[in-house]
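Text of input.pdb, listed as PDB, C-alpha atoms and all ligand atoms:
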```
ATOM      1  CA  MET A 258     -21.913 194.172 233.043
ATOM      2  CA  LYS A 259     -20.010 191.068 234.064
ATOM      3  CA  LYS A 260     -18.920 188.974 231.101
ATOM      4  CA  PRO A 261     -19.996 185.311 231.003
ATOM      5  CA  TYR A 262     -17.352 182.780 231.981
ATOM      6  CA  VAL A 263     -16.261 180.098 229.512
ATOM      7  CA  TYR A 264     -13.977 177.247 230.513
ATOM      8  CA  LEU A 265     -11.818 175.520 227.870
ATOM      9  CA  THR A 266     -10.797 172.003 228.810
ATOM     10  CA  ARG A 267      -7.770 172.103 226.526
ATOM     11  CA  GLN A 268      -5.243 174.718 225.512
ATOM     12  CA  MET A 269      -6.365 176.491 222.355
ATOM     13  CA  PRO A 270      -4.366 178.767 220.070
ATOM     14  CA  PRO A 271      -4.429 182.521 220.841
ATOM     15  CA  ALA A 272      -6.745 183.339 217.908
ATOM     16  CA  ILE A 273      -9.478 181.114 219.358
ATOM     17  CA  VAL A 274      -8.986 182.410 222.898
ATOM     18  CA  GLU A 275      -9.066 186.033 221.667
ATOM     19  CA  LYS A 276     -12.290 185.433 219.785
ATOM     20  CA  LEU A 277     -13.908 184.209 223.004
ATOM     21  CA  GLU A 278     -12.323 186.956 225.104
ATOM     22  CA  ALA A 279     -14.115 189.599 223.038
ATOM     23  CA  GLU A 280     -17.335 188.549 224.758
ATOM     24  CA  CYS A 281     -16.307 186.316 227.655
ATOM     25  CA  GLU A 282     -14.073 185.821 230.611
ATOM     26  CA  VAL A 283     -11.903 182.840 229.632
ATOM     27  CA  GLY A 284     -10.484 180.109 231.851
ATOM     28  CA  MET A 285      -8.425 177.340 230.266
ATOM     29  CA  TRP A 286      -6.621 174.114 231.124
ATOM     30  CA  GLU A 287      -3.216 175.198 229.818
ATOM     31  CA  LYS A 288      -2.110 171.864 228.354
ATOM     32  CA  GLU A 289      -2.637 170.840 224.789
ATOM     33  CA  GLU A 290      -1.869 167.157 225.045
ATOM     34  CA  GLN A 291      -3.315 166.256 228.423
ATOM     35  CA  PRO A 292      -6.958 166.259 229.414
ATOM     36  CA  VAL A 293      -8.055 168.384 232.317
ATOM     37  CA  PRO A 294      -8.181 166.405 235.592
ATOM     38  CA  LYS A 295     -11.700 165.532 236.693
ATOM     39  CA  GLU A 296     -11.511 167.498 239.933
ATOM     40  CA  ILE A 297     -10.547 170.706 238.112
ATOM     41  CA  LEU A 298     -13.362 170.340 235.602
ATOM     42  CA  GLU A 299     -15.732 169.603 238.478
ATOM     43  CA  LYS A 300     -14.765 172.861 240.128
ATOM     44  CA  GLU A 301     -14.847 174.919 236.920
ATOM     45  CA  ILE A 302     -18.195 173.629 235.730
ATOM     46  CA  GLN A 303     -19.847 174.858 238.928
ATOM     47  CA  THR A 304     -19.446 178.491 237.899
ATOM     48  CA  ALA A 305     -18.988 178.329 234.111
ATOM     49  CA  ASP A 306     -21.585 179.752 231.737
ATOM     50  CA  ALA A 307     -20.117 177.704 228.908
ATOM     51  CA  VAL A 308     -17.742 174.759 228.481
ATOM     52  CA  PHE A 309     -15.535 174.186 225.430
ATOM     53  CA  CYS A 310     -14.638 170.482 225.584
ATOM     54  CA  THR A 311     -13.142 167.599 223.616
ATOM     55  CA  ILE A 312     -13.904 163.909 223.215
ATOM     56  CA  SER A 313     -11.687 163.005 226.145
ATOM     57  CA  ASP A 314     -13.761 164.872 228.727
ATOM     58  CA  PRO A 315     -16.567 162.757 230.170
ATOM     59  CA  ILE A 316     -19.355 165.284 230.784
ATOM     60  CA  ASP A 317     -21.698 163.020 232.702
ATOM     61  CA  LYS A 318     -24.919 163.642 234.597
ATOM     62  CA  GLU A 319     -23.136 164.040 237.905
ATOM     63  CA  LEU A 320     -20.926 166.764 236.470
ATOM     64  CA  ILE A 321     -23.771 168.486 234.644
ATOM     65  CA  ASN A 322     -25.834 168.591 237.823
ATOM     66  CA  LYS A 323     -23.035 170.472 239.585
ATOM     67  CA  ALA A 324     -23.291 173.326 237.079
ATOM     68  CA  GLU A 325     -25.198 176.333 238.316
ATOM     69  CA  ASN A 326     -24.916 178.753 235.407
ATOM     70  CA  LEU A 327     -24.122 176.515 232.443
ATOM     71  CA  LYS A 328     -25.887 177.428 229.198
ATOM     72  CA  ILE A 329     -23.905 175.570 226.598
ATOM     73  CA  ILE A 330     -21.521 172.635 226.237
ATOM     74  CA  SER A 331     -19.684 172.907 222.933
ATOM     75  CA  THR A 332     -17.539 169.965 221.892
ATOM     76  CA  MET A 333     -14.758 170.133 219.327
ATOM     77  CA  ALA A 334     -15.885 166.894 217.688
ATOM     78  CA  VAL A 335     -18.693 165.387 215.711
ATOM     79  CA  GLY A 336     -19.124 162.471 218.149
ATOM     80  CA  PHE A 337     -20.741 163.397 221.466
ATOM     81  CA  ASN A 338     -20.971 160.054 223.248
ATOM     82  CA  ASN A 339     -18.880 161.552 226.093
ATOM     83  CA  ILE A 340     -21.682 163.992 226.937
ATOM     84  CA  ASP A 341     -24.917 163.096 228.724
ATOM     85  CA  VAL A 342     -27.142 165.057 226.350
ATOM     86  CA  GLU A 343     -30.299 163.983 228.147
ATOM     87  CA  ALA A 344     -29.043 165.326 231.476
ATOM     88  CA  ALA A 345     -28.012 168.579 229.785
ATOM     89  CA  SER A 346     -31.354 168.931 228.058
ATOM     90  CA  LYS A 347     -33.229 168.425 231.347
ATOM     91  CA  ARG A 348     -31.335 171.407 232.724
ATOM     92  CA  ASN A 349     -31.910 173.489 229.551
ATOM     93  CA  ILE A 350     -28.220 173.380 228.712
ATOM     94  CA  GLN A 351     -27.558 173.411 224.977
ATOM     95  CA  VAL A 352     -25.060 170.976 223.440
ATOM     96  CA  ALA A 353     -23.262 171.685 220.159
ATOM     97  CA  HIS A 354     -20.832 169.700 218.013
ATOM     98  CA  THR A 355     -18.928 170.010 214.716
ATOM     99  CA  PRO A 356     -20.478 167.830 212.016
ATOM    100  CA  GLY A 357     -19.718 168.229 208.321
ATOM    101  CA  VAL A 358     -16.513 170.204 208.621
ATOM    102  CA  LEU A 359     -14.452 167.083 209.313
ATOM    103  CA  SER A 360     -16.147 164.556 207.028
ATOM    104  CA  GLU A 361     -13.755 164.760 204.075
ATOM    105  CA  THR A 362     -10.657 164.805 206.292
ATOM    106  CA  THR A 363     -11.856 161.810 208.308
ATOM    107  CA  ALA A 364     -12.720 159.974 205.096
ATOM    108  CA  ASP A 365      -9.175 160.645 203.819
ATOM    109  CA  LEU A 366      -7.740 159.050 206.945
ATOM    110  CA  THR A 367     -10.159 156.134 206.788
ATOM    111  CA  PHE A 368      -9.105 155.442 203.247
ATOM    112  CA  ALA A 369      -5.443 155.807 204.185
ATOM    113  CA  LEU A 370      -5.962 153.159 206.883
ATOM    114  CA  LEU A 371      -7.749 150.892 204.443
ATOM    115  CA  MET A 372      -4.921 151.197 201.953
ATOM    116  CA  ALA A 373      -2.199 150.813 204.580
ATOM    117  CA  ALA A 374      -3.808 147.664 205.965
ATOM    118  CA  ALA A 375      -4.533 146.178 202.539
ATOM    119  CA  ARG A 376      -1.050 146.794 201.142
ATOM    120  CA  ARG A 377       0.770 146.165 204.432
ATOM    121  CA  ILE A 378       2.450 149.543 204.447
ATOM    122  CA  PRO A 379       3.483 149.642 208.148
ATOM    123  CA  GLU A 380       4.925 146.116 207.850
ATOM    124  CA  GLY A 381       6.944 147.244 204.818
ATOM    125  CA  MET A 382       8.434 150.113 206.740
ATOM    126  CA  GLU A 383       9.313 147.831 209.668
ATOM    127  CA  VAL A 384      11.126 145.482 207.279
ATOM    128  CA  ILE A 385      13.358 148.308 206.068
ATOM    129  CA  LYS A 386      13.965 149.731 209.540
ATOM    130  CA  ASN A 387      14.923 146.255 210.812
ATOM    131  CA  ASN A 388      17.351 145.701 207.932
ATOM    132  CA  GLU A 389      15.308 142.743 206.722
ATOM    133  CA  TRP A 390      14.921 143.796 203.096
ATOM    134  CA  GLY A 391      16.602 141.015 201.137
ATOM    135  CA  ALA A 392      16.382 140.350 197.439
ATOM    136  CA  TRP A 393      13.187 141.082 195.505
ATOM    137  CA  ALA A 394      10.948 138.083 196.122
ATOM    138  CA  PRO A 395       7.885 137.050 194.146
ATOM    139  CA  PHE A 396       5.477 136.801 197.068
ATOM    140  CA  PHE A 397       7.154 139.085 199.561
ATOM    141  CA  LEU A 398       4.714 141.334 201.471
ATOM    142  CA  THR A 399       1.899 140.620 199.096
ATOM    143  CA  GLY A 400      -1.324 142.207 200.218
ATOM    144  CA  GLN A 401      -4.846 142.611 199.022
ATOM    145  CA  ASP A 402      -6.155 144.493 196.000
ATOM    146  CA  ILE A 403      -8.238 147.556 196.714
ATOM    147  CA  HIS A 404      -9.388 148.261 193.179
ATOM    148  CA  HIS A 405     -12.529 146.347 192.168
ATOM    149  CA  ALA A 406     -12.888 144.923 195.686
ATOM    150  CA  ARG A 407     -16.145 145.196 197.630
ATOM    151  CA  LEU A 408     -16.277 147.962 200.189
ATOM    152  CA  GLY A 409     -18.944 147.439 202.869
ATOM    153  CA  ILE A 410     -19.824 150.540 204.859
ATOM    154  CA  ILE A 411     -21.775 150.185 208.096
ATOM    155  CA  GLY A 412     -23.312 153.593 208.862
ATOM    156  CA  MET A 413     -23.849 155.754 205.804
ATOM    157  CA  GLY A 414     -23.699 159.218 207.356
ATOM    158  CA  ARG A 415     -21.653 162.104 206.012
ATOM    159  CA  ILE A 416     -18.308 160.410 206.655
ATOM    160  CA  GLY A 417     -19.541 157.075 205.313
ATOM    161  CA  GLU A 418     -20.598 158.777 202.097
ATOM    162  CA  ALA A 419     -17.260 160.530 201.776
ATOM    163  CA  VAL A 420     -15.486 157.160 202.193
ATOM    164  CA  ALA A 421     -17.780 155.608 199.585
ATOM    165  CA  LYS A 422     -16.986 158.430 197.166
ATOM    166  CA  ARG A 423     -13.285 157.659 197.519
ATOM    167  CA  GLY A 424     -14.017 154.006 196.828
ATOM    168  CA  THR A 425     -15.546 154.876 193.456
ATOM    169  CA  GLY A 426     -12.165 156.230 192.346
ATOM    170  CA  PHE A 427     -10.791 152.733 192.863
ATOM    171  CA  ASP A 428     -13.666 151.112 190.966
ATOM    172  CA  MET A 429     -14.830 149.468 194.158
ATOM    173  CA  ASP A 430     -18.172 147.737 194.445
ATOM    174  CA  ILE A 431     -19.810 149.666 197.261
ATOM    175  CA  VAL A 432     -22.451 148.248 199.560
ATOM    176  CA  TYR A 433     -23.798 149.781 202.760
ATOM    177  CA  HIS A 434     -26.013 149.104 205.711
ATOM    178  CA  ASN A 435     -27.740 151.865 207.617
ATOM    179  CA  ARG A 436     -30.833 152.388 209.763
ATOM    180  CA  SER A 437     -32.463 154.158 206.814
ATOM    181  CA  ARG A 438     -31.878 154.034 203.078
ATOM    182  CA  LYS A 439     -29.697 156.829 201.689
ATOM    183  CA  SER A 440     -30.936 157.758 198.252
ATOM    184  CA  GLU A 441     -28.127 160.249 197.657
ATOM    185  CA  ALA A 442     -25.478 157.593 198.282
ATOM    186  CA  GLU A 443     -27.388 155.188 196.046
ATOM    187  CA  ASN A 444     -28.050 157.583 193.185
ATOM    188  CA  GLU A 445     -24.911 159.670 193.191
ATOM    189  CA  ILE A 446     -22.269 157.233 194.397
ATOM    190  CA  GLY A 447     -23.847 154.008 193.249
ATOM    191  CA  ALA A 448     -23.741 152.432 196.710
ATOM    192  CA  ARG A 449     -26.097 149.494 197.115
ATOM    193  CA  TYR A 450     -28.119 148.909 200.294
ATOM    194  CA  VAL A 451     -27.755 145.385 201.705
ATOM    195  CA  GLU A 452     -28.749 143.636 204.918
ATOM    196  CA  MET A 453     -26.075 143.502 207.590
ATOM    197  CA  ASP A 454     -25.403 139.776 207.101
ATOM    198  CA  GLU A 455     -24.839 140.190 203.379
ATOM    199  CA  LEU A 456     -22.469 143.071 204.015
ATOM    200  CA  LEU A 457     -20.468 141.074 206.555
ATOM    201  CA  GLU A 458     -20.419 137.895 204.465
ATOM    202  CA  THR A 459     -19.431 139.415 201.123
ATOM    203  CA  SER A 460     -17.312 142.525 201.737
ATOM    204  CA  ASP A 461     -13.561 142.577 201.196
ATOM    205  CA  PHE A 462     -13.347 145.666 203.398
ATOM    206  CA  VAL A 463     -15.770 146.113 206.295
ATOM    207  CA  CYS A 464     -15.737 149.681 207.417
ATOM    208  CA  VAL A 465     -17.569 150.866 210.550
ATOM    209  CA  MET A 466     -18.724 154.473 210.432
ATOM    210  CA  THR A 467     -21.592 154.556 212.944
ATOM    211  CA  PRO A 468     -21.857 156.847 215.951
ATOM    212  CA  TYR A 469     -21.330 155.159 219.308
ATOM    213  CA  THR A 470     -24.599 154.701 221.169
ATOM    214  CA  LYS A 471     -26.199 152.089 223.449
ATOM    215  CA  GLU A 472     -27.447 150.369 220.277
ATOM    216  CA  THR A 473     -24.055 150.252 218.551
ATOM    217  CA  HIS A 474     -22.092 149.180 221.645
ATOM    218  CA  HIS A 475     -20.074 146.061 220.638
ATOM    219  CA  MET A 476     -22.178 145.824 217.483
ATOM    220  CA  ILE A 477     -19.230 144.140 215.772
ATOM    221  CA  ASN A 478     -18.917 141.062 217.937
ATOM    222  CA  ARG A 479     -17.622 137.515 217.666
ATOM    223  CA  GLU A 480     -20.562 136.441 215.530
ATOM    224  CA  ALA A 481     -20.011 139.351 213.130
ATOM    225  CA  PHE A 482     -16.327 138.494 212.677
ATOM    226  CA  GLN A 483     -17.235 134.866 212.033
ATOM    227  CA  LYS A 484     -19.520 135.943 209.220
ATOM    228  CA  MET A 485     -16.764 137.927 207.497
ATOM    229  CA  LYS A 486     -14.597 136.494 204.729
ATOM    230  CA  ASN A 487     -11.253 135.078 205.870
ATOM    231  CA  THR A 488      -9.665 137.602 203.556
ATOM    232  CA  ALA A 489     -11.660 140.568 204.890
ATOM    233  CA  ILE A 490     -10.008 143.657 206.255
ATOM    234  CA  PHE A 491     -11.817 145.423 209.066
ATOM    235  CA  ILE A 492     -11.570 149.202 209.346
ATOM    236  CA  ASN A 493     -12.743 151.337 212.256
ATOM    237  CA  SER A 494     -12.404 155.090 212.447
ATOM    238  CA  SER A 495     -15.639 155.815 214.324
ATOM    239  CA  ARG A 496     -15.487 154.829 217.991
ATOM    240  CA  GLY A 497     -13.736 151.885 219.589
ATOM    241  CA  GLY A 498     -16.800 150.936 221.600
ATOM    242  CA  THR A 499     -18.640 149.768 218.490
ATOM    243  CA  VAL A 500     -16.338 146.727 218.432
ATOM    244  CA  ASN A 501     -15.710 143.919 220.874
ATOM    245  CA  GLU A 502     -11.911 144.101 220.933
ATOM    246  CA  ASP A 503     -11.437 140.621 222.418
ATOM    247  CA  ALA A 504     -13.447 139.191 219.537
ATOM    248  CA  LEU A 505     -11.432 141.276 217.064
ATOM    249  CA  TYR A 506      -8.176 140.012 218.568
ATOM    250  CA  ASP A 507      -9.300 136.393 218.287
ATOM    251  CA  ALA A 508     -10.561 136.879 214.725
ATOM    252  CA  LEU A 509      -7.202 138.341 213.666
ATOM    253  CA  LYS A 510      -5.164 135.774 215.559
ATOM    254  CA  ASN A 511      -7.179 132.796 214.266
ATOM    255  CA  GLY A 512      -7.253 133.978 210.682
ATOM    256  CA  ASP A 513     -11.029 134.524 210.634
ATOM    257  CA  ILE A 514     -10.217 137.842 208.978
ATOM    258  CA  ARG A 515      -7.042 139.015 207.304
ATOM    259  CA  GLY A 516      -6.302 142.337 208.922
ATOM    260  CA  ALA A 517      -7.542 145.464 210.605
ATOM    261  CA  GLY A 518      -6.982 149.185 210.355
ATOM    262  CA  LEU A 519      -7.936 150.965 213.561
ATOM    263  CA  ASP A 520      -7.924 154.634 214.432
ATOM    264  CA  VAL A 521     -10.043 154.181 217.546
ATOM    265  CA  PHE A 522     -10.065 151.930 220.617
ATOM    266  CA  GLU A 523     -12.496 151.242 223.384
ATOM    267  CA  ASN A 524     -10.315 152.837 226.070
ATOM    268  CA  GLU A 525      -8.099 155.550 224.708
ATOM    269  CA  PRO A 526      -5.210 156.096 224.803
ATOM    270  CA  ILE A 527      -4.037 152.502 224.521
ATOM    271  CA  SER A 528      -0.504 151.634 225.546
ATOM    272  CA  ALA A 529       2.190 149.741 223.671
ATOM    273  CA  ASP A 530       1.302 146.505 225.445
ATOM    274  CA  HIS A 531      -2.287 146.456 224.137
ATOM    275  CA  PRO A 532      -2.873 142.908 222.789
ATOM    276  CA  LEU A 533      -3.990 144.165 219.357
ATOM    277  CA  LEU A 534      -0.597 145.792 218.815
ATOM    278  CA  SER A 535       1.156 142.436 219.169
ATOM    279  CA  LEU A 536      -0.426 141.310 215.892
ATOM    280  CA  PRO A 537       1.387 142.035 212.613
ATOM    281  CA  ASN A 538      -1.900 142.343 210.733
ATOM    282  CA  VAL A 539      -3.060 145.368 212.726
ATOM    283  CA  THR A 540      -2.468 148.900 211.497
ATOM    284  CA  ALA A 541      -3.141 151.234 214.398
ATOM    285  CA  LEU A 542      -3.342 154.990 214.731
ATOM    286  CA  PRO A 543      -3.926 157.253 217.758
ATOM    287  CA  HIS A 544      -7.422 158.617 216.906
ATOM    288  CA  ILE A 545      -6.355 161.160 214.299
ATOM    289  CA  GLY A 546      -9.293 160.905 211.873
ATOM    290  CA  SER A 547      -9.976 164.634 211.668
ATOM    291  CA  ALA A 548      -6.416 165.717 212.407
ATOM    292  CA  SER A 549      -5.446 167.887 209.477
ATOM    293  CA  GLU A 550      -4.278 171.341 210.467
ATOM    294  CA  ASN A 551      -6.944 172.984 208.368
ATOM    295  CA  THR A 552      -9.814 170.919 209.721
ATOM    296  CA  ARG A 553      -8.769 171.148 213.361
ATOM    297  CA  TRP A 554      -8.651 174.949 213.042
ATOM    298  CA  LYS A 555     -12.126 174.954 211.518
ATOM    299  CA  MET A 556     -13.411 172.679 214.284
ATOM    300  CA  ALA A 557     -11.937 174.895 217.010
ATOM    301  CA  ASP A 558     -13.388 178.008 215.399
ATOM    302  CA  MET A 559     -16.800 176.404 215.017
ATOM    303  CA  THR A 560     -16.728 175.262 218.654
ATOM    304  CA  ALA A 561     -15.946 178.818 219.768
ATOM    305  CA  ASN A 562     -18.740 180.220 217.575
ATOM    306  CA  HIS A 563     -21.211 177.815 219.153
ATOM    307  CA  ILE A 564     -20.171 179.059 222.600
ATOM    308  CA  LEU A 565     -20.762 182.666 221.606
ATOM    309  CA  GLN A 566     -24.115 181.820 220.055
ATOM    310  CA  GLY A 567     -25.231 179.893 223.132
ATOM    311  CA  LEU A 568     -24.189 182.695 225.461
ATOM    312  CA  ARG A 569     -26.076 185.263 223.392
ATOM    313  CA  GLY A 570     -29.184 183.156 223.883
ATOM    314  CA  GLU A 571     -29.171 181.927 220.282
ATOM    315  CA  GLU A 572     -29.347 178.357 219.065
ATOM    316  CA  PRO A 573     -25.868 177.176 217.991
ATOM    317  CA  ASP A 574     -25.455 176.422 214.274
ATOM    318  CA  HIS A 575     -24.951 172.717 215.013
ATOM    319  CA  PRO A 576     -26.995 171.706 218.026
ATOM    320  CA  VAL A 577     -27.070 168.160 219.333
ATOM    321  CA  THR A 578     -30.679 167.218 219.843
ATOM    322  CA  LEU A 579     -32.140 164.145 221.429
TER     323      LEU A 579
HETATM  324  C1  LIG B   1     -13.638 162.617 216.628
HETATM  325  O1  LIG B   1     -13.524 161.474 216.877
HETATM  326  C2  LIG B   1     -14.887 163.284 216.471
HETATM  327  O2  LIG B   1     -15.916 162.740 216.904
HETATM  328  O3  LIG B   1     -14.888 164.402 215.956
END
```
Would it be possible to restate this file's structure as structure tokens?
Amino acid sequence: MKKPYVYLTRQMPPAIVEKLEAECEVGMWEKEEQPVPKEILEKEIQTADAVFCTISDPIDKELINKAENLKIISTMAVGFNNIDVEAASKRNIQVAHTPGVLSETTADLTFALLMAAARRIPEGMEVIKNNEWGAWAPFFLTGQDIHHARLGIIGMGRIGEAVAKRGTGFDMDIVYHNRSRKSEAENEIGARYVEMDELLETSDFVCVMTPYTKETHHMINREAFQKMKNTAIFINSSRGGTVNEDALYDALKNGDIRGAGLDVFENEPISADHPLLSLPNVTALPHIGSASENTRWKMADMTANHILQGLRGEEPDHPVTL
């Protein structure tokens, strides 16, 4: 019997490819650091039974409707805003993602960003590299305390909770805003639910952890930045689209907030001339929230397992449902 055909939009290590090859014919875009060109994906999706994709592949309705045999789209990510799940569902194509496995790793990075921005770590390194380190000076590179500060988390999902847990180790006062109350975060972590305005107006660190949807598009806008404390530090490791970047730029430039730590941008990758990078109070990273070796291996393995499950006619362990 002919094996089903799976197309991988990014080069994967041999162990992952071999796992799929045991049950499938495998086609792969053989580059690890460059997304597959649209026209190649368009051609591949026409005949593929399964697609293994990443966050940088827009799997839109037009593409989905070209697929004749597709049974499952499995993304190596928790966020799936790049996939038209509704269009897939209409065609009975399953969608799977990788929640849970990356929460702790992404929370580590989020906290690293928070600390780097608060204590001006990238600026400190620049000073040394530029030979600008003079004598010890009383107020040189002074930043913001993390311990006992208020951490405001917008979006208390798995990653939000893991960030909150880290905050407790620093004796932070943790508040959150979410569509629904999270009793576990309240009872076990001691996070306090507050209205959005209170979170924005009183937090020392405002941390966005929501998925990117139509509702959260540019949720952090000019008005939101104006509500924040002038000393607030804004952290985003969810999706760039949740923030109006022009408003963020103005808020940082005008001193409406003190700094920002950003792992995500509205249009990725950004280039060196992106306006936000011209500001000294921005700590920026190239979307590496879940990028520990261990976690990325687990995500790749999980994505491959979902493909095999979908092709066997089973429900994947982590389906995306509408
Ligand atoms: C990465 O951003 C993810 O959604 O997993």
Target residues per the PyMOL selection byres (((chain A and resi 479-486) around 9) and not hetatm), formatted as a compact mmCIF listing (two decimals) with C-alpha atoms, keeping the file's coordinate frame:
```txt
# COMPACT_ATOMS: atom_id res chain seq x y z
CA ASP A 454 -25.40 139.78 207.10
CA GLU A 455 -24.84 140.19 203.38
CA LEU A 456 -22.47 143.07 204.02
CA LEU A 457 -20.47 141.07 206.56
CA GLU A 458 -20.42 137.90 204.46
CA THR A 459 -19.43 139.42 201.12
CA SER A 460 -17.31 142.52 201.74
CA ASP A 461 -13.56 142.58 201.20
CA VAL A 463 -15.77 146.11 206.30
CA MET A 476 -22.18 145.82 217.48
CA ILE A 477 -19.23 144.14 215.77
CA ASN A 478 -18.92 141.06 217.94
CA ASN A 487 -11.25 135.08 205.87
CA THR A 488 -9.66 137.60 203.56
CA ALA A 489 -11.66 140.57 204.89
CA ILE A 490 -10.01 143.66 206.26
CA ASN A 501 -15.71 143.92 220.87
CA ASP A 503 -11.44 140.62 222.42
CA ALA A 504 -13.45 139.19 219.54
CA LEU A 505 -11.43 141.28 217.06
CA ASP A 507 -9.30 136.39 218.29
CA ALA A 508 -10.56 136.88 214.72
CA ASP A 513 -11.03 134.52 210.63
CA ILE A 514 -10.22 137.84 208.98
CA ARG A 515 -7.04 139.01 207.30
```
Q | Within-8 Å residues of ligand LIG 1 (chain B), basis all atoms listed in the file, as a PyMOL selection string | A | chain A and resi 312+333-337+355-356+359+494-496+544-547
Exercise. Which value, in Å to one decimal, gives the distance between atom CA of Trp286 of chain A and atom CA of Leu519 of chain A?
Worked result: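 Going from atom CA of Trp286 of chain A over to atom CA of Leu519 of chain A covers 29.1 Å.
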Q. What do you get, as a PyMOL selection string, if you spell out every residue that the PyMOL selection byres (((chain A and resi 273-281) around 9) and not hetatm) selects here?
A. chain A and resi 259-263+265+268-272+282-283+285+554+557-558+561-562+564-565+568
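Nearest to His354 of chain A of all the residues A:Leu371, A:Val451, A:Ile302, A:Ile340 is A:Ile340, based on only C-alpha atoms.
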Original post:
Nearest to Cys464 of chain A: which of A:Asp520, A:Glu445, A:Glu361, A:Glu319 is it, counting only C-alpha atoms?
Top reply: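 Residue with the minimum atom-to-atom distance to Cys464 of chain A: A:Asp520.
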| query | Which one is closest to Gln303 of chain A: A:Glu389, A:Glu325, A:Glu383, A:Asp317? Count all atoms listed in the file. | reply |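 Nearest candidate to Gln303 of chain A out of A:Glu389, A:Glu325, A:Glu383, A:Asp317: A:Glu325.
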Practice item. Spell out the residues picked by the PyMOL selection byres (((chain A and resi 498) around 10) and not hetatm) here, as a ChimeraX atom specification. Key: /A:468-471,473-477,495-497,499-502,521-524
